[in-house]
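Text of the file protein.txt, holding compact mmCIF, C-alpha atoms:
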# COMPACT_ATOMS: atom_id res chain seq x y z
CA MET A 1 20.88 7.23 14.34
CA GLY A 2 20.03 3.72 13.23
CA VAL A 3 22.15 1.13 11.46
CA LEU A 4 19.79 -1.07 9.52
CA GLY A 5 20.51 -4.27 7.66
CA ALA A 6 19.54 -7.93 7.23
CA GLU A 7 17.35 -7.18 4.24
CA PRO A 8 17.69 -4.99 1.18
CA TRP A 9 16.03 -1.60 1.59
CA SER A 10 15.67 1.27 -0.79
CA GLU A 11 16.60 4.95 -0.78
CA GLU A 12 12.90 5.71 -0.57
CA MET A 13 12.59 3.49 2.49
CA ARG A 14 15.44 5.48 4.06
CA LYS A 15 13.55 8.70 3.47
CA ARG A 16 10.40 7.26 4.98
CA ILE A 17 12.26 5.98 8.07
CA GLU A 18 14.14 9.25 8.57
CA ASP A 19 11.07 11.45 8.05
CA SER A 20 8.87 9.44 10.36
CA THR A 21 11.35 8.87 13.22
CA GLY A 22 13.80 11.79 13.01
CA ILE A 23 16.84 9.49 13.04
CA LYS A 24 19.59 9.17 10.42
CA ALA A 25 19.41 5.70 8.90
CA TYR A 26 22.59 3.97 7.69
CA ASP A 27 22.80 0.81 5.63
CA ILE A 28 25.00 -2.05 6.81
CA PHE A 29 26.11 -5.16 4.98
CA GLY A 30 27.29 -8.48 6.30
CA THR A 31 26.82 -12.19 6.03
CA SER A 32 27.22 -14.96 8.56
CA GLU A 33 29.81 -16.71 6.37
CA LEU A 34 32.13 -13.70 6.49
CA SER A 35 31.64 -12.92 10.22
CA GLY A 36 28.39 -11.06 10.46
CA PRO A 37 28.01 -7.27 10.05
CA LEU A 38 31.04 -6.08 8.13
CA PHE A 39 30.70 -2.99 5.98
CA THR A 40 28.64 0.14 6.52
CA GLU A 41 27.92 3.53 5.06
CA CYS A 42 29.84 6.64 6.05
CA GLN A 43 28.27 9.99 6.95
CA SER A 44 27.61 10.62 3.23
CA GLN A 45 25.02 7.80 3.17
CA ASN A 46 26.02 7.06 -0.38
CA GLY A 47 27.08 3.45 -0.64
CA ILE A 48 28.56 0.90 1.72
CA HIS A 49 32.35 1.08 2.05
CA ILE A 50 34.17 -2.20 1.59
CA TRP A 51 37.41 -2.55 3.56
CA ALA A 52 39.38 -3.41 0.45
CA ASP A 53 42.57 -4.17 2.38
CA GLN A 54 40.70 -7.01 4.10
CA PHE A 55 38.43 -8.22 1.34
CA LEU A 56 38.67 -8.44 -2.42
CA VAL A 57 35.31 -7.69 -3.97
CA GLU A 58 34.07 -8.31 -7.49
CA VAL A 59 30.71 -8.03 -9.20
CA ILE A 60 30.06 -10.72 -11.79
CA ASN A 61 27.43 -11.74 -14.27
CA PRO A 62 25.67 -14.57 -12.39
CA ASP A 63 25.18 -16.57 -15.59
CA THR A 64 28.70 -16.39 -17.05
CA GLY A 65 30.76 -15.82 -13.90
CA GLU A 66 32.63 -13.01 -15.70
CA PRO A 67 33.14 -9.60 -14.03
CA VAL A 68 30.69 -6.94 -15.23
CA ALA A 69 31.81 -3.48 -16.37
CA ASN A 70 32.31 -0.82 -13.69
CA GLY A 71 28.93 0.51 -12.56
CA GLU A 72 26.94 -2.42 -13.92
CA ARG A 73 24.64 -4.58 -11.86
CA GLY A 74 25.73 -8.10 -10.96
CA GLU A 75 26.30 -10.63 -8.23
CA LEU A 76 28.69 -9.79 -5.41
CA VAL A 77 31.70 -12.09 -5.01
CA ILE A 78 34.06 -11.79 -2.05
CA THR A 79 37.51 -13.15 -1.31
CA THR A 80 38.81 -12.81 2.24
CA LEU A 81 42.43 -11.59 2.36
CA VAL A 82 43.25 -11.85 6.04
CA LYS A 83 40.88 -14.41 7.50
CA GLU A 84 42.81 -17.42 8.68
CA ALA A 85 40.37 -19.86 10.26
CA LEU A 86 37.85 -19.91 7.40
CA PRO A 87 39.18 -18.21 4.29
CA LEU A 88 36.82 -17.88 1.35
CA ILE A 89 37.88 -17.52 -2.25
CA ARG A 90 35.56 -15.87 -4.80
CA TYR A 91 32.64 -16.68 -2.56
CA ARG A 92 29.31 -16.01 -4.22
CA ILE A 93 27.18 -14.22 -1.67
CA GLY A 94 24.09 -14.22 -3.84
CA ASP A 95 23.39 -10.51 -3.45
CA ILE A 96 22.85 -8.34 -6.48
CA THR A 97 24.53 -4.95 -6.36
CA VAL A 98 26.61 -2.35 -8.20
CA LEU A 99 30.23 -1.64 -7.31
CA ASN A 100 31.49 1.96 -7.31
CA TRP A 101 35.24 2.65 -7.40
CA ASP A 102 34.96 6.45 -7.35
CA GLU A 103 36.39 8.30 -4.38
CA CYS A 104 33.64 9.01 -1.84
CA GLU A 105 32.74 12.51 -0.65
CA CYS A 106 34.08 11.50 2.74
CA GLY A 107 37.55 11.02 1.21
CA ARG A 108 37.75 7.24 1.48
CA THR A 109 38.99 5.46 -1.61
CA HIS A 110 37.75 1.99 -0.77
CA PRO A 111 35.13 0.80 -3.26
CA ARG A 112 31.49 1.01 -2.28
CA ILE A 113 28.62 -1.33 -2.94
CA MET A 114 25.65 0.75 -3.95
CA ARG A 115 22.42 -0.56 -2.41
CA VAL A 116 21.90 -4.27 -2.42
CA LEU A 117 19.07 -4.62 -4.92
CA GLY A 118 18.04 -8.09 -3.89
CA ARG A 119 19.19 -11.67 -3.90
CA ALA A 120 20.25 -13.39 -7.08
CA ASP A 121 17.76 -16.11 -6.18
CA ASP A 122 15.03 -13.46 -5.51
CA MET A 123 15.21 -12.30 -9.07
CA LEU A 124 12.13 -13.10 -11.05
CA ILE A 125 12.06 -13.43 -14.76
CA VAL A 126 8.65 -12.30 -15.92
CA ARG A 127 8.04 -12.44 -19.67
CA GLY A 128 11.80 -12.51 -20.13
CA ILE A 129 12.37 -9.37 -18.08
CA ASN A 130 14.39 -9.41 -14.84
CA VAL A 131 12.39 -8.13 -11.90
CA PHE A 132 13.68 -7.61 -8.36
CA PRO A 133 11.34 -7.19 -5.40
CA GLY A 134 13.54 -4.22 -4.41
CA GLN A 135 12.46 -2.37 -7.53
CA VAL A 136 8.82 -2.81 -6.59
CA GLU A 137 9.51 -1.58 -3.07
CA SER A 138 11.32 1.42 -4.43
CA VAL A 139 8.35 2.41 -6.60
CA LEU A 140 5.84 1.91 -3.79
CA MET A 141 7.89 4.02 -1.37
CA ASN A 142 7.51 6.94 -3.76
CA ILE A 143 3.73 6.77 -3.56
CA PRO A 144 2.81 8.14 -0.14
CA GLU A 145 -0.75 6.78 -0.16
CA VAL A 146 0.31 3.15 -0.13
CA GLY A 147 1.89 1.26 2.74
CA GLU A 148 5.15 -0.67 2.80
CA HIS A 149 3.55 -4.13 2.89
CA PHE A 150 3.30 -5.78 -0.48
CA MET A 151 3.41 -9.20 -2.10
CA ILE A 152 4.35 -10.07 -5.66
CA ILE A 153 2.38 -12.95 -7.13
CA VAL A 154 3.35 -14.44 -10.47
CA ASP A 155 1.12 -16.85 -12.36
CA ARG A 156 1.26 -18.38 -15.79
CA ILE A 157 -2.10 -18.21 -17.51
CA ASN A 158 -2.40 -19.48 -21.10
CA GLU A 159 1.39 -19.59 -21.44
CA LEU A 160 1.65 -15.93 -20.44
CA ASP A 161 3.27 -14.67 -17.24
CA ILE A 162 0.95 -12.49 -15.20
CA MET A 163 2.45 -10.41 -12.42
CA LYS A 164 0.24 -9.10 -9.68
CA VAL A 165 1.27 -6.85 -6.81
CA GLN A 166 -0.91 -6.84 -3.73
CA ILE A 167 -0.58 -3.79 -1.52
CA GLU A 168 -2.24 -3.16 1.78
CA MET A 169 -4.78 -0.38 1.94
CA THR A 170 -3.94 2.45 4.32
CA ASP A 171 -6.21 4.93 6.09
CA ALA A 172 -4.65 7.70 4.00
CA ALA A 173 -5.48 6.02 0.70
CA PHE A 174 -8.98 4.87 1.56
CA SER A 175 -11.87 6.71 0.00
CA ASP A 176 -15.54 5.80 0.16
CA LYS A 177 -15.68 6.34 -3.63
CA VAL A 178 -14.94 3.24 -5.70
CA THR A 179 -13.44 5.29 -8.51
CA ASP A 180 -10.84 6.87 -6.19
CA ILE A 181 -9.54 3.42 -5.23
CA MET A 182 -9.52 2.21 -8.82
CA ASP A 183 -7.63 5.35 -9.83
CA LEU A 184 -5.04 4.64 -7.16
CA GLU A 185 -4.62 1.07 -8.43
CA LYS A 186 -4.11 2.44 -11.94
CA LYS A 187 -1.62 5.04 -10.73
CA VAL A 188 0.48 2.43 -8.91
CA GLY A 189 0.25 0.08 -11.91
CA ALA A 190 1.50 2.80 -14.27
CA ALA A 191 4.38 3.69 -11.91
CA LEU A 192 5.42 0.02 -11.71
CA LYS A 193 5.19 -0.40 -15.46
CA SER A 194 7.39 2.62 -16.08
CA VAL A 195 10.17 1.08 -13.97
CA LEU A 196 9.77 -2.64 -14.66
CA ASN A 197 8.68 -2.43 -18.31
CA ILE A 198 5.98 -5.04 -17.81
CA ALA A 199 2.28 -4.72 -17.15
CA VAL A 200 1.44 -5.26 -13.49
CA LYS A 201 -1.98 -5.82 -12.02
CA VAL A 202 -2.28 -3.91 -8.77
CA GLU A 203 -4.66 -5.12 -6.12
CA LEU A 204 -5.30 -3.24 -2.90
CA VAL A 205 -5.96 -5.61 -0.03
CA GLU A 206 -7.10 -5.17 3.54
CA HIS A 207 -4.77 -3.73 6.12
CA GLY A 208 -3.03 -6.54 8.02
CA SER A 209 -3.92 -9.22 5.47
CA LEU A 210 -0.42 -9.79 4.05
CA PRO A 211 1.93 -12.02 6.05
CA ARG A 212 4.32 -10.27 8.42
CA SER A 213 7.65 -11.94 8.89
CA MET A 214 10.43 -11.68 11.40
CA GLY A 215 13.83 -11.16 9.79
CA LYS A 216 14.00 -11.84 6.08
CA ALA A 217 10.67 -11.09 4.49
CA LYS A 218 9.17 -13.21 1.76
CA LYS A 219 7.87 -10.87 -0.90
CA VAL A 220 7.22 -13.22 -3.80
CA ILE A 221 4.81 -16.05 -4.51
CA ASP A 222 5.66 -17.71 -7.80
CA ASN A 223 2.85 -20.04 -8.86
CA ARG A 224 4.36 -20.84 -12.25
CA LYS A 225 5.04 -24.45 -12.97
CA ILE A 226 7.93 -24.53 -15.37
CA MET B 1 -24.82 23.81 8.08
CA GLU B 2 -23.00 20.78 9.56
CA GLU B 3 -26.12 19.90 11.56
CA LYS B 4 -27.91 19.18 8.28
CA MET B 5 -25.40 16.50 7.38
CA ILE B 6 -25.01 13.00 8.70
CA LYS B 7 -21.91 10.92 9.12
CA GLN B 8 -21.55 7.78 7.07
CA ILE B 9 -19.11 5.04 7.99
CA SER B 10 -17.26 3.43 5.08
CA LEU B 11 -15.16 0.30 5.24
CA PHE B 12 -12.72 -1.27 2.82
CA ALA B 13 -13.22 -5.01 2.34
CA GLU B 14 -11.73 -7.56 0.00
CA ASN B 15 -14.29 -9.27 -2.19
CA LYS B 16 -13.91 -12.72 -0.59
CA PRO B 17 -16.13 -15.13 1.29
CA GLY B 18 -16.19 -14.45 5.02
CA ARG B 19 -15.17 -10.80 4.92
CA LEU B 20 -18.65 -9.44 5.67
CA ALA B 21 -19.20 -12.11 8.33
CA ASN B 22 -16.04 -10.91 10.06
CA ILE B 23 -17.10 -7.27 9.92
CA ALA B 24 -20.64 -8.00 11.04
CA GLU B 25 -19.29 -9.95 14.02
CA THR B 26 -17.34 -6.86 15.09
CA PHE B 27 -20.52 -4.76 14.88
CA LYS B 28 -22.38 -7.29 16.95
CA GLU B 29 -19.72 -7.46 19.65
CA SER B 30 -19.59 -3.69 19.98
CA GLY B 31 -23.35 -3.12 19.83
CA ILE B 32 -23.29 -1.01 16.68
CA ASN B 33 -26.81 -0.61 15.34
CA ILE B 34 -27.08 -0.18 11.58
CA ARG B 35 -29.70 2.20 10.18
CA ALA B 36 -28.85 1.93 6.51
CA PHE B 37 -26.36 -0.28 4.73
CA THR B 38 -25.04 -0.89 1.25
CA ILE B 39 -22.08 -2.58 -0.43
CA ALA B 40 -20.49 -1.20 -3.57
CA GLU B 41 -18.47 -3.91 -5.26
CA ALA B 42 -15.64 -3.28 -7.68
CA GLY B 43 -13.90 -6.47 -8.72
CA ASP B 44 -11.37 -7.48 -6.09
CA PHE B 45 -12.68 -5.22 -3.38
CA GLY B 46 -15.82 -3.66 -2.07
CA ILE B 47 -16.75 -0.61 -0.04
CA ILE B 48 -19.28 -1.07 2.69
CA ARG B 49 -21.17 2.10 3.47
CA MET B 50 -23.56 2.52 6.34
CA VAL B 51 -25.36 4.89 8.59
CA VAL B 52 -25.19 3.81 12.22
CA ASP B 53 -26.62 5.12 15.48
CA ASN B 54 -23.26 6.25 16.86
CA PRO B 55 -20.73 6.84 14.04
CA ASP B 56 -17.86 8.18 16.16
CA SER B 57 -17.82 5.16 18.41
CA ALA B 58 -18.33 2.80 15.41
CA HIS B 59 -15.36 4.44 13.70
CA LYS B 60 -13.17 3.92 16.74
CA VAL B 61 -14.24 0.31 17.32
CA LEU B 62 -13.68 -0.66 13.70
CA HIS B 63 -10.39 1.19 13.43
CA ASP B 64 -9.09 -0.42 16.62
CA ALA B 65 -10.14 -3.82 15.26
CA GLY B 66 -7.78 -3.21 12.32
CA PHE B 67 -10.26 -2.25 9.61
CA THR B 68 -9.63 0.53 7.13
CA VAL B 69 -12.52 2.83 7.86
CA SER B 70 -13.50 6.42 7.20
CA GLU B 71 -16.23 8.86 8.13
CA THR B 72 -17.81 10.91 5.35
CA ASN B 73 -20.42 13.65 5.50
CA VAL B 74 -23.47 12.71 3.47
CA LEU B 75 -27.05 13.92 3.33
CA GLY B 76 -30.06 12.06 4.65
CA VAL B 77 -33.00 13.36 2.67
CA GLU B 78 -36.48 12.76 4.03
CA MET B 79 -39.11 11.70 1.52
CA GLU B 80 -42.75 10.71 1.69
CA ASP B 81 -43.03 6.99 0.96
CA MET B 82 -44.81 7.52 -2.36
CA PRO B 83 -44.06 7.60 -6.10
CA GLY B 84 -42.37 10.71 -7.49
CA GLN B 85 -40.43 11.70 -4.39
CA LEU B 86 -37.05 10.50 -5.64
CA ALA B 87 -37.61 12.27 -8.95
CA MET B 88 -38.35 15.52 -7.16
CA ILE B 89 -35.15 15.37 -5.11
CA ALA B 90 -33.02 14.43 -8.09
CA ASP B 91 -34.56 17.40 -9.99
CA VAL B 92 -33.70 19.87 -7.23
CA LEU B 93 -30.07 18.74 -7.30
CA SER B 94 -29.78 18.61 -11.07
CA GLU B 95 -31.16 22.15 -11.42
CA LYS B 96 -28.19 23.37 -9.40
CA ASP B 97 -25.85 21.16 -11.42
CA ILE B 98 -24.97 19.06 -8.36
CA ASN B 99 -23.77 15.56 -9.15
CA ILE B 100 -24.76 12.54 -7.08
CA ASP B 101 -21.67 10.41 -6.41
CA TYR B 102 -23.76 7.60 -4.99
CA ALA B 103 -27.05 7.08 -3.15
CA TYR B 104 -29.06 4.45 -1.35
CA ALA B 105 -32.46 4.54 0.26
CA PHE B 106 -34.53 2.89 2.93
CA VAL B 107 -38.06 3.14 4.28
CA THR B 108 -39.08 3.46 7.91
CA LYS B 109 -42.00 2.41 10.06
CA THR B 110 -43.39 5.95 9.95
CA GLU B 111 -44.36 6.10 6.25
CA LYS B 112 -41.26 8.08 5.50
CA ALA B 113 -38.40 7.09 3.27
CA PHE B 114 -34.85 8.34 3.44
CA LEU B 115 -32.36 8.81 0.70
CA ILE B 116 -28.72 8.75 1.77
CA VAL B 117 -26.74 10.65 -0.82
CA ARG B 118 -23.18 11.74 -1.36
CA VAL B 119 -22.81 14.68 -3.73
CA ASN B 120 -19.90 16.59 -5.21
CA ASP B 121 -21.04 19.83 -3.55
CA ILE B 122 -22.57 19.10 -0.16
CA ARG B 123 -23.09 22.74 0.89
CA GLY B 124 -24.73 23.59 -2.43
CA ALA B 125 -26.97 20.54 -2.04
CA VAL B 126 -28.05 21.54 1.50
CA LYS B 127 -28.90 25.01 0.24
CA ALA B 128 -30.84 23.71 -2.76
CA LEU B 129 -32.82 21.14 -0.76
CA ASP B 130 -33.51 23.64 2.03
CA GLY B 131 -34.73 26.08 -0.60
CA ALA B 132 -37.15 23.44 -1.88
CA ASN B 133 -38.44 22.82 1.69
CA ILE B 134 -37.09 19.30 1.74
CA ARG B 135 -36.17 18.09 5.21
CA LEU B 136 -32.67 16.79 5.88
CA LEU B 137 -31.88 14.37 8.67
CA ASP B 138 -29.51 15.28 11.46
CA MET B 139 -27.65 12.85 13.69
CA SER B 140 -30.36 12.89 16.37
CA ASP B 141 -32.90 11.86 13.74
CA VAL B 142 -30.64 8.97 12.79
CA HIS B 143 -30.48 7.96 16.41
CA ASP B 144 -34.27 7.98 16.71
CA ILE B 145 -35.13 6.04 13.54

Would you give me this structure, written as structure tokens?
Amino acid sequence: MGVLGAEPWSEEMRKRIEDSTGIKAYDIFGTSELSGPLFTECQSQNGIHIWADQFLVEVINPDTGEPVANGERGELVITTLVKEALPLIRYRIGDITVLNWDECECGRTHPRIMRVLGRADDMLIVRGINVFPGQVESVLMNIPEVGEHFMIIVDRINELDIMKVQIEMTDAAFSDKVTDIMDLEKKVGAALKSVLNIAVKVELVEHGSLPRSMGKAKKVIDNRKI
Amino acid sequence: MEEKMIKQISLFAENKPGRLANIAETFKESGINIRAFTIAEAGDFGIIRMVVDNPDSAHKVLHDAGFTVSETNVLGVEMEDMPGQLAMIADVLSEKDINIDYAYAFVTKTEKAFLIVRVNDIRGAVKALDGANIRLLDMSDVHDI
């Protein structure tokens, strides 16, 4: 098994990791401010259990600071209940997630955070629509021909936001026919549009041409001057 | 029937200055000799297609150097270097309703010309061209050009 964290990853990424390596992959959540790795998934792999006797968790609307309704997306806020040396009260982590208070299959009743979708400061607003890099990853992971390396580039051209997603070409996707590659770009563009609700220009780029990073990956280049 | 086909190497390249220079440098370093070469460009990217003396080794060298590369079976059709030859070949294929996906041609020192062609039905095309007594290149021919 593997316990994987440090960066948001999607359900589709889990499937890809498990299928390609044969391990069971579990999500873990933590932050340095709270003492490093803290909460993890149980055997059900369906959300990260919060130890609610140790921490009080809330999910709020990042703009108003008010709690969102149960099951709605918002920013995670944590209050430590037993930490003595460095207590934190309503500490805004900056991660966007959904809180689930339903009892888990495993029998635990502690609330779960359901997949960290990204950072509040990672969120892009493109033509007034909220876009998280995690959503793009999730779509790409469902398209087996394309690799996991991508970069979102946002420009403003003639007062209009233009979002481009560059994806690295893979051996599996490459065809010596131009139309096959253009069809793949269209297919990925349509899949992204159906999830994000904005038009996305998809550009396949050479294998190895996008920056690789250690630790937290940078997935967005925002060229807009606002 | 495979012996009547030749292997083409195709490479994915971004449409940017310096990309071809980088690829060509790899060919040079690994001693790949190009027999026929063409670039199909499509906006942000291009596909480089070529016939080389030793496709299997070219494929390995390019792949190991990090390029996205594939090998495709295509036909090398021998023509006399004179007017009307291309028309005749295109006729033979069209009579059998075989579509040409793409093609490129080159002439040699021996008064022959060669048409490299990818079709939607390669076996049908071999049969049709054989039936019309048109000679198809094999890999040893490519080596000897």

Output as a VMD selection string the set of chain A residues within 8 Å of chain B, with distances taken over all atoms listed in the file.
chain A and resid 169 to 171 174 to 178 203 to 208

Counting only C-alpha atoms, which residue out of A:Leu56, A:Ala69, A:Leu210, A:Leu184 sits closest to Gln166 of chain A?
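For Gln166 of chain A, the nearest of the given residues is A:Leu210.
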
Of the residues A:Arg224, A:Lys218, A:Lys186, A:His49, which is the one nearest to Asn158 of chain A, using all atoms listed in the file?
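Smallest distance to Asn158 of chain A is found for A:Arg224.
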
Counting all atoms listed in the file, which of B:Ile145, B:Ala21, B:Ile100, B:Ala105 gets nearest to Met50 of chain B?
B:Ala105

Can you list, as a VMD selection string, every protein, DNA or RNA residue that comes within 6 Å of Met1 of chain A when you count only C-alpha atoms, leaving out same-chain residues fewer than 5 positions away?
chain A and resid 23 to 25

Please return, as a ChimeraX atom specification, all polymer residues that have at least one atom within 10 Å of the point (2.7, 2.9, -11.7); use all atoms listed in the file and the file's own coordinate frame.
/A:136,139-140,143,184-196,199-202

Go ahead and save the picked residues with C-alpha atoms, as a PDB file, in the frame of the given file.
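Now in out_22.pdb:
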ATOM      1  CA  VAL A 136       8.820  -2.810  -6.590  1.00  0.00           C
ATOM      2  CA  VAL A 139       8.350   2.410  -6.600  1.00  0.00           C
ATOM      3  CA  LEU A 140       5.840   1.910  -3.790  1.00  0.00           C
ATOM      4  CA  ILE A 143       3.730   6.770  -3.560  1.00  0.00           C
ATOM      5  CA  LEU A 184      -5.040   4.640  -7.160  1.00  0.00           C
ATOM      6  CA  GLU A 185      -4.620   1.070  -8.430  1.00  0.00           C
ATOM      7  CA  LYS A 186      -4.110   2.440 -11.940  1.00  0.00           C
ATOM      8  CA  LYS A 187      -1.620   5.040 -10.730  1.00  0.00           C
ATOM      9  CA  VAL A 188       0.480   2.430  -8.910  1.00  0.00           C
ATOM     10  CA  GLY A 189       0.250   0.080 -11.910  1.00  0.00           C
ATOM     11  CA  ALA A 190       1.500   2.800 -14.270  1.00  0.00           C
ATOM     12  CA  ALA A 191       4.380   3.690 -11.910  1.00  0.00           C
ATOM     13  CA  LEU A 192       5.420   0.020 -11.710  1.00  0.00           C
ATOM     14  CA  LYS A 193       5.190  -0.400 -15.460  1.00  0.00           C
ATOM     15  CA  SER A 194       7.390   2.620 -16.080  1.00  0.00           C
ATOM     16  CA  VAL A 195      10.170   1.080 -13.970  1.00  0.00           C
ATOM     17  CA  LEU A 196       9.770  -2.640 -14.660  1.00  0.00           C
ATOM     18  CA  ALA A 199       2.280  -4.720 -17.150  1.00  0.00           C
ATOM     19  CA  VAL A 200       1.440  -5.260 -13.490  1.00  0.00           C
ATOM     20  CA  LYS A 201      -1.980  -5.820 -12.020  1.00  0.00           C
ATOM     21  CA  VAL A 202      -2.280  -3.910  -8.770  1.00  0.00           C
TER      22      VAL A 202
END

At a cut-off of 8 Å from (32.3, 3.1, 0.8) in the coordinates of the file, what residues are picked up using all atoms listed in the file, written as a ChimeraX atom specification?
/A:40-42,46-50,104,108-113

Skip Leu93 of chain B itself and residues of its chain fewer than 6 positions away, then list as an MDAnalysis selection string all residues within 8 Å of it, counting all atoms listed in the file.
chainID B and resid 99 125 128:129

If you keep C-alpha atoms, can you produce a file of those selected residues as a PDB file, in the coordinates of the input?
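The resulting selection33.pdb:
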ATOM      1  CA  ASN B  99     -23.770  15.560  -9.150  1.00  0.00           C
ATOM      2  CA  ALA B 125     -26.970  20.540  -2.040  1.00  0.00           C
ATOM      3  CA  ALA B 128     -30.840  23.710  -2.760  1.00  0.00           C
ATOM      4  CA  LEU B 129     -32.820  21.140  -0.760  1.00  0.00           C
TER       5      LEU B 129
END

What box, with edges along x, y and z, holds each listed atom of segment 63-81 of chain A when 6 Å is added on every side, and can you state its centre and edge lengths in Å to one decimal, as JSON?
{"center_x": 33.5, "center_y": -8.0, "center_z": -7.3, "size_x": 29.8, "size_y": 29.1, "size_z": 31.4}

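Within 9 Å of Asp122 of chain A, once only C-alpha atoms are used and residues closer than 3 positions along the same chain are dropped, the contacting residues are Gly118, Arg119, Val131, Phe132, Pro133, Lys219 and Val220 of chain A.
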
Long-range neighbours of segment 9-15 of chain A as a ChimeraX atom specification, 7 Å cut-off, all atoms listed in the file, 3 positions minimum in chain
/A:18-19,25,134,138,141-142

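Atom to atom, atom CA of Phe150 of chain A and atom CA of Glu137 of chain A stand 7.9 Å apart.
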
Using all atoms listed in the file, which protein or nucleic acid residues come within 10 Å of Val142 of chain B? Drop anything in the same chain fewer than 4 positions from it, and give the result as an MDAnalysis selection string.
chainID B and resid 6:7 34:36 51:54 76 137:138

Could you add whatever atoms are missing so that segment 22-34 of chain B carries N, CA and C atoms, then write the result as a compact mmCIF listing (two decimals), in the coordinates of the input?
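This is the output file rebuild.txt:
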# COMPACT_ATOMS: atom_id res chain seq x y z
N ASN B 22 -17.02 -11.40 9.10
CA ASN B 22 -16.04 -10.91 10.06
C ASN B 22 -16.37 -9.50 10.55
N ILE B 23 -16.76 -8.65 9.59
CA ILE B 23 -17.10 -7.27 9.92
C ILE B 23 -18.37 -7.23 10.77
N ALA B 24 -19.36 -8.01 10.33
CA ALA B 24 -20.64 -8.00 11.04
C ALA B 24 -20.47 -8.50 12.48
N GLU B 25 -19.55 -9.44 12.68
CA GLU B 25 -19.29 -9.95 14.02
C GLU B 25 -18.74 -8.83 14.93
N THR B 26 -17.88 -7.99 14.33
CA THR B 26 -17.34 -6.86 15.09
C THR B 26 -18.46 -5.88 15.48
N PHE B 27 -19.39 -5.64 14.55
CA PHE B 27 -20.52 -4.76 14.88
C PHE B 27 -21.31 -5.34 16.05
N LYS B 28 -21.55 -6.63 15.95
CA LYS B 28 -22.38 -7.29 16.95
C LYS B 28 -21.72 -7.17 18.32
N GLU B 29 -20.43 -7.48 18.36
CA GLU B 29 -19.72 -7.46 19.65
C GLU B 29 -19.71 -6.07 20.27
N SER B 30 -19.70 -5.03 19.41
CA SER B 30 -19.59 -3.69 19.98
C SER B 30 -20.94 -2.98 20.01
N GLY B 31 -22.01 -3.70 19.71
CA GLY B 31 -23.35 -3.12 19.83
C GLY B 31 -23.63 -1.99 18.86
N ILE B 32 -23.02 -2.05 17.68
CA ILE B 32 -23.29 -1.01 16.68
C ILE B 32 -24.61 -1.35 15.99
N ASN B 33 -25.51 -0.38 15.98
CA ASN B 33 -26.81 -0.61 15.34
C ASN B 33 -26.84 0.08 13.98
N ILE B 34 -27.12 -0.70 12.95
CA ILE B 34 -27.08 -0.18 11.58
C ILE B 34 -28.44 0.36 11.19
